[in-house]
Every structure is written in structure tokens, then in C-alpha cells.
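> What follows is coords-v1.cif, made up of mmCIF, C-alpha atoms:
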```cif
data_input
#
loop_
_atom_site.label_atom_id
_atom_site.label_comp_id
_atom_site.auth_asym_id
_atom_site.auth_seq_id
_atom_site.Cartn_x
_atom_site.Cartn_y
_atom_site.Cartn_z
CA MET V 1 85.50 94.66 72.69
CA LEU V 2 86.03 92.91 76.02
CA ASP V 3 87.47 89.41 76.14
CA ILE V 4 85.25 87.78 78.77
CA LEU V 5 86.91 84.74 80.36
CA TYR V 6 84.33 83.86 83.02
CA GLU V 7 80.93 85.19 84.00
CA ASP V 8 78.13 84.31 86.42
CA ASN V 9 75.87 86.18 88.83
CA HIS V 10 78.69 86.69 91.34
CA LEU V 11 81.90 87.19 89.37
CA ILE V 12 83.16 88.33 86.00
CA ALA V 13 86.70 87.91 84.68
CA VAL V 14 88.22 89.55 81.63
CA ASN V 15 91.49 89.36 79.73
CA LYS V 16 92.90 92.84 80.29
CA VAL V 17 94.61 94.49 77.35
CA ALA V 18 98.00 96.08 78.03
CA GLY V 19 97.47 99.81 78.45
CA ASP V 20 94.12 99.56 80.20
CA LEU V 21 93.80 100.86 83.75
CA VAL V 22 91.93 98.53 86.08
CA GLN V 23 90.65 101.42 88.19
CA GLY V 24 90.56 105.14 87.49
CA ASP V 25 93.46 107.44 88.34
CA GLN V 26 94.58 111.02 87.82
CA THR V 27 94.90 110.53 84.05
CA GLY V 28 91.13 110.49 83.65
CA ASP V 29 91.36 107.61 81.16
CA LEU V 30 88.36 105.28 81.06
CA PRO V 31 89.27 102.33 83.30
CA LEU V 32 88.48 98.67 82.76
CA VAL V 33 86.03 98.59 85.67
CA GLU V 34 83.83 101.15 83.89
CA LYS V 35 84.03 99.26 80.60
CA VAL V 36 82.87 96.08 82.33
CA LYS V 37 80.03 97.97 84.03
CA SER V 38 78.88 99.21 80.62
CA TYR V 39 79.04 95.67 79.24
CA ILE V 40 76.89 94.32 82.11
CA LYS V 41 74.41 97.18 81.89
CA LYS V 42 73.91 96.66 78.17
CA LYS V 43 73.86 92.83 78.19
CA TYR V 44 71.36 92.53 81.04
CA ASN V 45 69.48 95.78 80.36
CA LYS V 46 70.06 96.88 83.95
CA PRO V 47 68.47 100.14 85.13
CA GLY V 48 70.46 102.53 87.27
CA ALA V 49 74.04 102.10 88.45
CA VAL V 50 75.76 98.73 88.09
CA PHE V 51 77.66 97.40 91.10
CA LEU V 52 81.13 96.07 90.28
CA GLY V 53 83.77 95.55 92.96
CA VAL V 54 87.49 95.76 92.19
CA ILE V 55 89.16 92.76 93.87
CA HIS V 56 92.72 93.11 92.59
CA ARG V 57 94.72 95.02 90.00
CA LEU V 58 97.29 94.54 87.26
CA ASP V 59 99.89 97.12 86.28
CA ARG V 60 98.75 99.25 83.36
CA PRO V 61 101.31 97.93 80.81
CA THR V 62 100.59 94.26 81.61
CA SER V 63 97.87 92.01 80.22
CA GLY V 64 95.89 89.06 81.50
CA VAL V 65 93.27 87.85 83.97
CA VAL V 66 91.41 90.41 86.05
CA ILE V 67 88.39 89.35 88.10
CA PHE V 68 85.64 91.59 89.47
CA ALA V 69 82.84 90.99 91.99
CA ARG V 70 79.24 91.52 90.87
CA THR V 71 77.81 91.59 94.40
CA SER V 72 78.96 93.09 97.70
CA LYS V 73 78.93 89.64 99.31
CA ALA V 74 81.21 88.26 96.60
CA LEU V 75 83.51 91.26 96.98
CA THR V 76 83.87 90.75 100.75
CA ARG V 77 84.58 87.04 100.37
CA MET V 78 87.02 87.48 97.51
CA ASN V 79 88.89 90.26 99.30
CA GLN V 80 89.35 87.92 102.25
CA GLN V 81 90.55 85.14 99.97
CA PHE V 82 93.18 87.37 98.38
CA LYS V 83 94.22 88.67 101.80
CA GLU V 84 94.70 85.13 103.08
CA ARG V 85 96.63 84.17 99.90
CA LYS V 86 94.27 81.37 99.02
CA THR V 87 94.50 82.19 95.33
CA ASP V 88 97.03 80.85 92.83
CA LYS V 89 98.42 83.36 90.34
CA ILE V 90 100.47 82.28 87.34
CA TYR V 91 102.23 84.80 85.10
CA TRP V 92 104.18 84.45 81.87
CA ALA V 93 107.02 86.82 81.08
CA ILE V 94 109.41 87.30 78.16
CA VAL V 95 112.78 88.32 79.58
CA LEU V 96 116.45 88.65 78.70
CA PRO V 97 118.17 85.25 78.47
CA LYS V 98 120.40 85.56 81.54
CA ILE V 99 118.49 82.95 83.52
CA LYS V 100 120.56 81.11 86.10
CA PRO V 101 119.36 78.67 87.25
CA PRO V 102 116.47 77.73 84.88
CA SER V 103 114.12 77.48 87.87
CA ALA V 104 114.30 78.95 91.36
CA THR V 105 112.51 80.61 94.24
CA LEU V 106 113.31 84.30 94.62
CA THR V 107 113.02 85.95 98.03
CA HIS V 108 113.69 89.66 98.40
CA TRP V 109 112.69 92.57 100.57
CA LEU V 110 110.99 95.35 98.63
CA ILE V 111 110.75 99.05 99.38
CA ARG V 112 108.16 101.06 97.49
CA ASN V 113 108.94 104.62 96.41
CA THR V 114 105.54 106.22 95.90
CA LYS V 115 106.93 109.38 94.28
CA MET V 116 108.69 107.32 91.61
CA ASN V 117 105.92 104.69 91.51
CA LYS V 118 108.64 102.08 91.67
CA SER V 119 109.85 99.34 94.02
CA PHE V 120 113.42 98.41 94.87
CA ALA V 121 114.60 94.93 95.89
CA HIS V 122 117.07 94.11 98.66
CA ASP V 123 118.64 90.76 99.43
CA LEU V 124 118.25 91.27 103.17
CA GLU V 125 115.50 92.86 105.26
CA VAL V 126 115.81 96.63 105.63
CA ASN V 127 113.67 99.27 107.34
CA ASP V 128 110.14 99.62 105.93
CA SER V 129 110.62 96.72 103.52
CA LYS V 130 108.14 93.93 102.75
CA LYS V 131 109.02 90.33 102.04
CA ALA V 132 108.43 89.23 98.44
CA VAL V 133 108.51 85.62 97.25
CA LEU V 134 107.99 84.17 93.79
CA HIS V 135 108.82 80.93 92.00
CA TYR V 136 109.90 80.85 88.35
CA LYS V 137 110.81 78.26 85.75
CA LYS V 138 111.95 78.58 82.17
CA LEU V 139 109.33 77.48 79.64
CA ARG V 140 111.11 78.12 76.36
CA ASP V 141 114.21 79.64 74.78
CA LEU V 142 113.68 82.17 72.01
CA ASP V 143 116.32 83.71 69.74
CA ARG V 144 117.11 86.64 72.03
CA TYR V 145 114.75 86.07 74.94
CA VAL V 146 113.38 83.45 77.30
CA VAL V 147 109.79 82.71 78.31
CA LEU V 148 109.30 82.26 82.05
CA GLU V 149 106.39 80.95 84.06
CA ILE V 150 106.08 82.70 87.43
CA ARG V 151 103.98 81.78 90.44
CA LEU V 152 103.47 84.52 92.98
CA GLU V 153 103.51 83.69 96.65
CA THR V 154 103.13 87.31 97.76
CA GLY V 155 101.54 90.25 95.98
CA ARG V 156 103.79 93.28 96.33
CA HIS V 157 103.88 96.46 94.28
CA HIS V 158 105.55 95.72 90.90
CA GLN V 159 106.90 92.54 92.49
CA ILE V 160 107.67 90.46 89.41
CA ARG V 161 109.14 93.38 87.48
CA CYS V 162 111.28 94.44 90.44
CA GLN V 163 112.57 91.00 91.44
CA LEU V 164 113.43 89.87 87.90
CA THR V 165 115.33 93.09 87.23
CA HIS V 166 117.23 92.66 90.49
CA MET V 167 118.34 89.25 89.21
CA GLY V 168 119.50 90.67 85.88
CA PHE V 169 116.68 89.65 83.53
CA PRO V 170 114.13 92.48 83.18
CA VAL V 171 110.83 91.99 81.39
CA LYS V 172 110.98 92.86 77.69
CA GLY V 173 109.80 96.42 77.08
CA ASP V 174 109.91 97.45 80.74
CA LEU V 175 111.96 100.66 80.62
CA LYS V 176 111.05 101.53 84.21
CA TYR V 177 112.81 98.38 85.40
CA GLY V 178 115.86 98.23 83.19
CA ALA V 179 114.83 97.07 79.72
CA LYS V 180 116.93 98.73 77.03
CA ARG V 181 114.07 99.27 74.58
CA SER V 182 110.35 99.87 74.91
CA ASN V 183 107.70 97.98 72.98
CA PRO V 184 106.07 100.02 70.17
CA ASP V 185 102.64 99.87 71.85
CA GLY V 186 103.96 100.82 75.30
CA SER V 187 103.24 97.38 76.75
CA ILE V 188 105.60 95.13 78.65
CA ASP V 189 105.73 91.39 77.98
CA LEU V 190 104.26 90.35 81.31
CA HIS V 191 100.98 88.45 81.17
CA ALA V 192 98.73 87.25 84.00
CA ARG V 193 98.20 83.80 82.53
CA SER V 194 95.85 82.23 85.08
CA LEU V 195 94.07 82.79 88.36
CA SER V 196 92.70 80.00 90.56
CA ILE V 197 90.12 80.91 93.20
CA ASP V 198 87.43 79.38 95.38
CA HIS V 199 84.04 80.55 94.16
CA PRO V 200 82.54 82.90 96.78
CA THR V 201 79.23 81.00 97.05
CA THR V 202 79.70 77.46 95.69
CA LYS V 203 83.26 77.14 97.11
CA GLU V 204 84.18 75.28 93.91
CA ARG V 205 87.79 75.77 92.78
CA ILE V 206 87.85 77.70 89.52
CA ASN V 207 90.85 78.19 87.25
CA ILE V 208 90.57 81.09 84.81
CA VAL V 209 93.07 81.15 81.93
CA ALA V 210 93.83 84.10 79.64
CA PRO V 211 95.41 83.72 76.18
CA PRO V 212 98.46 85.99 75.80
CA PRO V 213 98.37 88.96 73.41
CA SER V 214 98.25 88.09 69.73
CA LYS V 215 101.69 89.49 68.92
CA PRO V 216 104.46 87.89 66.83
CA LEU V 217 106.82 87.13 69.72
CA TRP V 218 104.08 85.64 71.90
CA ASN V 219 102.77 83.65 68.95
CA PHE V 220 106.24 82.28 68.29
CA ALA V 221 106.76 81.53 71.97
CA LEU V 222 103.64 79.38 72.02
CA SER V 223 104.16 77.64 68.68
CA ASP V 224 105.08 73.95 68.57
#
```
As C-alpha cells - that is how I would like this structure written.

Amino acid sequence: MLDILYEDNHLIAVNKVAGDLVQGDQTGDLPLVEKVKSYIKKKYNKPGAVFLGVIHRLDRPTSGVVIFARTSKALTRMNQQFKERKTDKIYWAIVLPKIKPPSATLTHWLIRNTKMNKSFAHDLEVNDSKKAVLHYKKLRDLDRYVVLEIRLETGRHHQIRCQLTHMGFPVKGDLKYGAKRSNPDGSIDLHARSLSIDHPTTKERINIVAPPPSKPLWNFALSD
């Protein structure tokens, strides 16, 4: 069952489950884009192929807001909006409690290794690197972890995972980026909490919010 967060004639947003691919790859696993197409086809009894444009992606082990375009015009306008960084992306992450200071702006230069499907952070600019900027603040202390809120200023490959690990507090469950243990379901505790955009036709500012996974640690993190 899909968790639909927003839907109109131009856009549809869903709360991606950790483990889902946004778009197909060499694994051959059914991607989220195809699941959403099936949902639209069935709900609206659409004949023939359903158009659905992929605007952005989330890493497979992460969860949270993913938005798709239902028309080619919406896709073009949303692609431009993402390119011009006119969106606001907020993430939540559960990380090791080595946070100093409790809030900060992180600026690094990332190099992507495509063979390893991994990025590496550098404190200073190096050849073939791309500037990566994010802002974080601590939301809550847990027994052995900390909940962070992260606002992305740039959108680099594995940016949050890479930058947080470089600072010494990897995302819980993220073996690729330095976590000591994996999560039983293969997820990492990184969640795309919200996405703010300008609607492609009405120009109205829309904020789409995704509840985090219903798991004990997340439930405890959000409890009063």
C-alpha cells in the first residue's frame, strides 16, 4: 500500500518506504515510480500507459517524501525548480551522539566514486570535487543516539550520509558510511521529513510532510 501525501492533476507525492527504489536499476526490482503508475491507472481507470516523471530521488535505504510529475509540463517546471534550488528539503536522522556543536553549517567538497557508489568528503576543494553545504541542529537526545534535523542547501550524491560520517556521527544502520551495525531490515535511519515547493501551475508554496517509519526508536524519538 502506498502512503500518498499529496495528489492533484499535476503532482503526486508519496512517503517512500526504506528499501524501495525510486527508479529502476540493474537489480530488476519493481521501483516506486512503477508502483505509483499502477496506483494512478487503477484509481482513475486510465487506458494505455500512464505518464509519471521522476523529479528527484532518495537513496534506497532511506525513507520519506518523494514527489513525481503527472504531466510533462509539470516535470519541466519542477526540474527547473530543483536545478535552481528553489525547494526546501528537511531531513531527520538518528546518529551517534558525538555532536559538537549541537547546531552548525557543514561545508565540504565531495568526490563521487561511481565504482564504489560512494562519496568522500574533503575539508578543502580538490580536483573533480563538488561543494556540499548542509545545516543541522539537534532535536533530541536518546539513550545512545541523537536525532538531528538537517536542511540541505545542495543536493550531492549521498551528501548527508557522507558529511555526517566525515564529522564523526554516521547515520544509524549505515554500514557503507561507518555505522558499526546494520538495521535488521536493511534500512538506515535517515528520513526525508518534508519538501517545500512552488506548485508548477498555481505557483502556490506547498509543504509536504512525511511521518517517519513506525519503528520503536523513531516512535520514542517523537514521543513527548
> Translate the PyMOL selection byres ((chain V and resi 146) around 6) into a concrete residue list for this structure, as a list of chain:residue names.
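Here the PyMOL selection byres ((chain V and resi 146) around 6) matches V:Ile94, V:Val95, V:Pro97, V:Arg140, V:Asp141, V:Leu142, V:Tyr145, V:Val147.
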> With C-alpha atoms kept, could you save the residues just selected as an mmCIF file, in the coordinates of the input?

```cif
data_model
loop_
_atom_site.group_PDB
_atom_site.id
_atom_site.type_symbol
_atom_site.label_atom_id
_atom_site.label_comp_id
_atom_site.auth_asym_id
_atom_site.auth_seq_id
_atom_site.Cartn_x
_atom_site.Cartn_y
_atom_site.Cartn_z
ATOM 1 C CA ILE V 94 109.410 87.300 78.160
ATOM 2 C CA VAL V 95 112.780 88.320 79.580
ATOM 3 C CA PRO V 97 118.170 85.250 78.470
ATOM 4 C CA ARG V 140 111.110 78.120 76.360
ATOM 5 C CA ASP V 141 114.210 79.640 74.780
ATOM 6 C CA LEU V 142 113.680 82.170 72.010
ATOM 7 C CA TYR V 145 114.750 86.070 74.940
ATOM 8 C CA VAL V 147 109.790 82.710 78.310
#
```
> When the PyMOL selection byres ((chain V and resi 71) around 7) is applied to the structure above, which residues does it catch, written out as a ChimeraX atom specification?
/V:10,51-52,69-70,72-75
> What is the distance between CA of Thr107 in chain V and CA of Asp123 in chain V, in Å to one decimal?
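Between these atoms lies a distance of 7.5 Å.
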> For the file shown, report as a tab-separated table (two decimals) with C-alpha atoms, in the frame of the given file the outcome of the PyMOL selection byres ((chain V and resi 190) around 6) at residue level.

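Output file part_18.tsv follows:
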```
chain	number	residue	atom	x	y	z
V	62	THR	CA	100.59	94.26	81.61
V	92	TRP	CA	104.18	84.45	81.87
V	93	ALA	CA	107.02	86.82	81.08
V	188	ILE	CA	105.60	95.13	78.65
V	189	ASP	CA	105.73	91.39	77.98
V	191	HIS	CA	100.98	88.45	81.17
```
> Would you mind telling me which residue in V:Leu2, V:Leu124, V:Leu96, V:Ile206 lies nearest to Val171 in chain V when using all atoms listed in the file?
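The closest residue to Val171 in chain V is V:Leu96.
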> Can you tell me, as a PyMOL selection string, what residues are no more than 7 Å from Leu139 in chain V when counting all atoms listed in the file, ignoring any on the same chain fewer than 2 positions away?
chain V and resi 137+147-149
> Name all residues at most 10 Å from Leu5 in chain V (count only C-alpha atoms; drop same-chain ones fewer than 4 positions away) and give them as a list in words.
Ile12, Ala13, Val14, Asn15, Val65, Val66, Ile67, Ile208, Val209, Ala210 and Pro211 of chain V
> Between CA of Phe68 in chain V and CA of Gly19 in chain V, what distance in Å does the model show, to one decimal?
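Between CA of Phe68 in chain V and CA of Gly19 in chain V the gap is 18.1 Å.
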> I'd like the contact shell of Gly168 in chain V - 9 Å cut-off, only C-alpha atoms, skipping same-chain residues fewer than 4 positions apart - returned as a list in words.
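Residues near the query, excluding close chain neighbours: Leu96, Lys98, Ile99, Gln163, Leu164 and Gly178 of chain V.
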> I need the residue nearest Ser103 in chain V from this list: V:Met116, V:Ile150, V:Met78, V:Gln26. Use all atoms listed in the file for the distance.
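Once distances to Ser103 in chain V are computed over all atoms listed in the file, the minimum belongs to V:Ile150.
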> Pick the closest to Lys215 in chain V from V:Leu32, V:Pro184, V:Ile40, V:Gly24: which is it, counting only C-alpha atoms?
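Distance minimum relative to Lys215 in chain V lands on V:Pro184.
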> Report, in Å to a single decimal, how far apart CA of Ser63 in chain V and CA of Val17 in chain V are.
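Atom-to-atom, CA of Val17 in chain V to CA of Ser63 in chain V, that is 5.0 Å.
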> I'd like to know which of V:Arg60, V:Lys35, V:Arg156, V:His108 is closest to Lys83 in chain V, using only C-alpha atoms.
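That would be V:Arg156, the residue with the smallest distance to Lys83 in chain V.
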> Go through V:Ala221, V:Leu152, V:Leu21, V:Ala121 one by one, measure the shortest atom-to-atom distance of each to Tyr91 in chain V using only C-alpha atoms, and give the residue with the smallest value.
V:Leu152
> Between V:Ile90, V:Ala104, V:Ala179, V:Met167, which is the closest to Glu153 in chain V once you count only C-alpha atoms?
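When distances to Glu153 in chain V are compared using only C-alpha atoms, the smallest one comes from V:Ile90.
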> Any idea what's packed within 8 Å of Asp88 in chain V, counting only C-alpha atoms, ignoring anything in its chain fewer than 6 positions away? Could you give it as a PyMOL selection string?
chain V and resi 151-152+194-197
> Let me have the centre and edge lengths in Å, one decimal, of the box along x, y and z around every listed atom of range 112-115 of chain V with 5 Å of margin on each side, as JSON.

```
{"center_x": 107.2, "center_y": 105.2, "center_z": 95.9, "size_x": 13.4, "size_y": 18.3, "size_z": 13.2}
```
> Counting all atoms listed in the file, what is within 12 Å of Tyr44 in chain V, bar same-chain residues fewer than 6 positions away, as a PyMOL selection string?
chain V and resi 8-9+37-38+50
> Output range 113-144 of chain V with N, CA and C atoms present, as a PDB file, in the coordinates of the input.

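This is the output file result33.pdb:
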```pdb
ATOM      1  N   ASN V 113     108.781 103.171  96.485  1.00  0.00           N
ATOM      2  CA  ASN V 113     108.940 104.620  96.410  1.00  0.00           C
ATOM      3  C   ASN V 113     107.712 105.183  95.705  1.00  0.00           C
ATOM      4  N   THR V 114     106.805 105.774  96.473  1.00  0.00           N
ATOM      5  CA  THR V 114     105.540 106.220  95.900  1.00  0.00           C
ATOM      6  C   THR V 114     105.723 107.387  94.933  1.00  0.00           C
ATOM      7  N   LYS V 115     106.702 108.248  95.182  1.00  0.00           N
ATOM      8  CA  LYS V 115     106.930 109.380  94.280  1.00  0.00           C
ATOM      9  C   LYS V 115     107.381 108.915  92.903  1.00  0.00           C
ATOM     10  N   MET V 116     108.200 107.872  92.880  1.00  0.00           N
ATOM     11  CA  MET V 116     108.690 107.320  91.610  1.00  0.00           C
ATOM     12  C   MET V 116     107.758 106.248  91.053  1.00  0.00           C
ATOM     13  N   ASN V 117     106.782 105.819  91.857  1.00  0.00           N
ATOM     14  CA  ASN V 117     105.920 104.690  91.510  1.00  0.00           C
ATOM     15  C   ASN V 117     106.767 103.498  91.083  1.00  0.00           C
ATOM     16  N   LYS V 118     107.684 103.142  91.980  1.00  0.00           N
ATOM     17  CA  LYS V 118     108.640 102.080  91.670  1.00  0.00           C
ATOM     18  C   LYS V 118     109.053 101.389  92.969  1.00  0.00           C
ATOM     19  N   SER V 119     109.362 100.094  92.861  1.00  0.00           N
ATOM     20  CA  SER V 119     109.850  99.340  94.020  1.00  0.00           C
ATOM     21  C   SER V 119     111.299  98.935  93.805  1.00  0.00           C
ATOM     22  N   PHE V 120     112.011  98.774  94.914  1.00  0.00           N
ATOM     23  CA  PHE V 120     113.420  98.410  94.870  1.00  0.00           C
ATOM     24  C   PHE V 120     113.635  97.175  95.737  1.00  0.00           C
ATOM     25  N   ALA V 121     114.393  96.212  95.212  1.00  0.00           N
ATOM     26  CA  ALA V 121     114.600  94.930  95.890  1.00  0.00           C
ATOM     27  C   ALA V 121     115.911  94.924  96.664  1.00  0.00           C
ATOM     28  N   HIS V 122     115.881  94.296  97.827  1.00  0.00           N
ATOM     29  CA  HIS V 122     117.070  94.110  98.660  1.00  0.00           C
ATOM     30  C   HIS V 122     117.187  92.636  99.020  1.00  0.00           C
ATOM     31  N   ASP V 123     118.407  92.161  99.109  1.00  0.00           N
ATOM     32  CA  ASP V 123     118.640  90.760  99.430  1.00  0.00           C
ATOM     33  C   ASP V 123     118.350  90.435 100.888  1.00  0.00           C
ATOM     34  N   LEU V 124     118.503  91.444 101.748  1.00  0.00           N
ATOM     35  CA  LEU V 124     118.250  91.270 103.170  1.00  0.00           C
ATOM     36  C   LEU V 124     117.198  92.271 103.638  1.00  0.00           C
ATOM     37  N   GLU V 125     116.541  91.981 104.736  1.00  0.00           N
ATOM     38  CA  GLU V 125     115.500  92.860 105.260  1.00  0.00           C
ATOM     39  C   GLU V 125     116.098  94.211 105.661  1.00  0.00           C
ATOM     40  N   VAL V 126     115.421  95.269 105.253  1.00  0.00           N
ATOM     41  CA  VAL V 126     115.810  96.630 105.630  1.00  0.00           C
ATOM     42  C   VAL V 126     114.574  97.338 106.176  1.00  0.00           C
ATOM     43  N   ASN V 127     114.787  98.519 106.754  1.00  0.00           N
ATOM     44  CA  ASN V 127     113.670  99.270 107.340  1.00  0.00           C
ATOM     45  C   ASN V 127     112.578  99.537 106.318  1.00  0.00           C
ATOM     46  N   ASP V 128     111.325  99.331 106.746  1.00  0.00           N
ATOM     47  CA  ASP V 128     110.140  99.620 105.930  1.00  0.00           C
ATOM     48  C   ASP V 128     110.012  98.730 104.697  1.00  0.00           C
ATOM     49  N   SER V 129     110.710  97.622 104.674  1.00  0.00           N
ATOM     50  CA  SER V 129     110.620  96.720 103.520  1.00  0.00           C
ATOM     51  C   SER V 129     109.575  95.631 103.773  1.00  0.00           C
ATOM     52  N   LYS V 130     109.102  95.025 102.678  1.00  0.00           N
ATOM     53  CA  LYS V 130     108.140  93.930 102.750  1.00  0.00           C
ATOM     54  C   LYS V 130     108.696  92.717 102.018  1.00  0.00           C
ATOM     55  N   LYS V 131     108.507  91.565 102.617  1.00  0.00           N
ATOM     56  CA  LYS V 131     109.020  90.330 102.040  1.00  0.00           C
ATOM     57  C   LYS V 131     108.264  89.984 100.758  1.00  0.00           C
ATOM     58  N   ALA V 132     109.008  89.600  99.731  1.00  0.00           N
ATOM     59  CA  ALA V 132     108.430  89.230  98.440  1.00  0.00           C
ATOM     60  C   ALA V 132     108.990  87.885  97.996  1.00  0.00           C
ATOM     61  N   VAL V 133     108.096  86.964  97.655  1.00  0.00           N
ATOM     62  CA  VAL V 133     108.510  85.620  97.250  1.00  0.00           C
ATOM     63  C   VAL V 133     107.801  85.236  95.963  1.00  0.00           C
ATOM     64  N   LEU V 134     108.565  84.732  95.002  1.00  0.00           N
ATOM     65  CA  LEU V 134     107.990  84.170  93.790  1.00  0.00           C
ATOM     66  C   LEU V 134     108.792  82.949  93.365  1.00  0.00           C
ATOM     67  N   HIS V 135     108.176  82.129  92.535  1.00  0.00           N
ATOM     68  CA  HIS V 135     108.820  80.930  92.000  1.00  0.00           C
ATOM     69  C   HIS V 135     108.772  81.034  90.474  1.00  0.00           C
ATOM     70  N   TYR V 136     109.900  80.793  89.816  1.00  0.00           N
ATOM     71  CA  TYR V 136     109.900  80.850  88.350  1.00  0.00           C
ATOM     72  C   TYR V 136     110.514  79.589  87.763  1.00  0.00           C
ATOM     73  N   LYS V 137     110.152  79.313  86.515  1.00  0.00           N
ATOM     74  CA  LYS V 137     110.810  78.260  85.750  1.00  0.00           C
ATOM     75  C   LYS V 137     110.797  78.655  84.278  1.00  0.00           C
ATOM     76  N   LYS V 138     111.826  78.249  83.587  1.00  0.00           N
ATOM     77  CA  LYS V 138     111.950  78.580  82.170  1.00  0.00           C
ATOM     78  C   LYS V 138     111.042  77.661  81.356  1.00  0.00           C
ATOM     79  N   LEU V 139     110.216  78.255  80.498  1.00  0.00           N
ATOM     80  CA  LEU V 139     109.330  77.480  79.640  1.00  0.00           C
ATOM     81  C   LEU V 139     109.927  77.226  78.271  1.00  0.00           C
ATOM     82  N   ARG V 140     110.614  78.254  77.733  1.00  0.00           N
ATOM     83  CA  ARG V 140     111.110  78.120  76.360  1.00  0.00           C
ATOM     84  C   ARG V 140     112.201  79.142  76.071  1.00  0.00           C
ATOM     85  N   ASP V 141     113.182  78.726  75.287  1.00  0.00           N
ATOM     86  CA  ASP V 141     114.210  79.640  74.780  1.00  0.00           C
ATOM     87  C   ASP V 141     113.767  80.199  73.444  1.00  0.00           C
ATOM     88  N   LEU V 142     113.898  81.512  73.293  1.00  0.00           N
ATOM     89  CA  LEU V 142     113.680  82.170  72.010  1.00  0.00           C
ATOM     90  C   LEU V 142     115.030  82.609  71.467  1.00  0.00           C
ATOM     91  N   ASP V 143     115.046  83.288  70.330  1.00  0.00           N
ATOM     92  CA  ASP V 143     116.320  83.710  69.740  1.00  0.00           C
ATOM     93  C   ASP V 143     117.108  84.628  70.668  1.00  0.00           C
ATOM     94  N   ARG V 144     116.427  85.653  71.187  1.00  0.00           N
ATOM     95  CA  ARG V 144     117.110  86.640  72.030  1.00  0.00           C
ATOM     96  C   ARG V 144     116.469  86.781  73.412  1.00  0.00           C
TER      97      ARG V 144
END
```
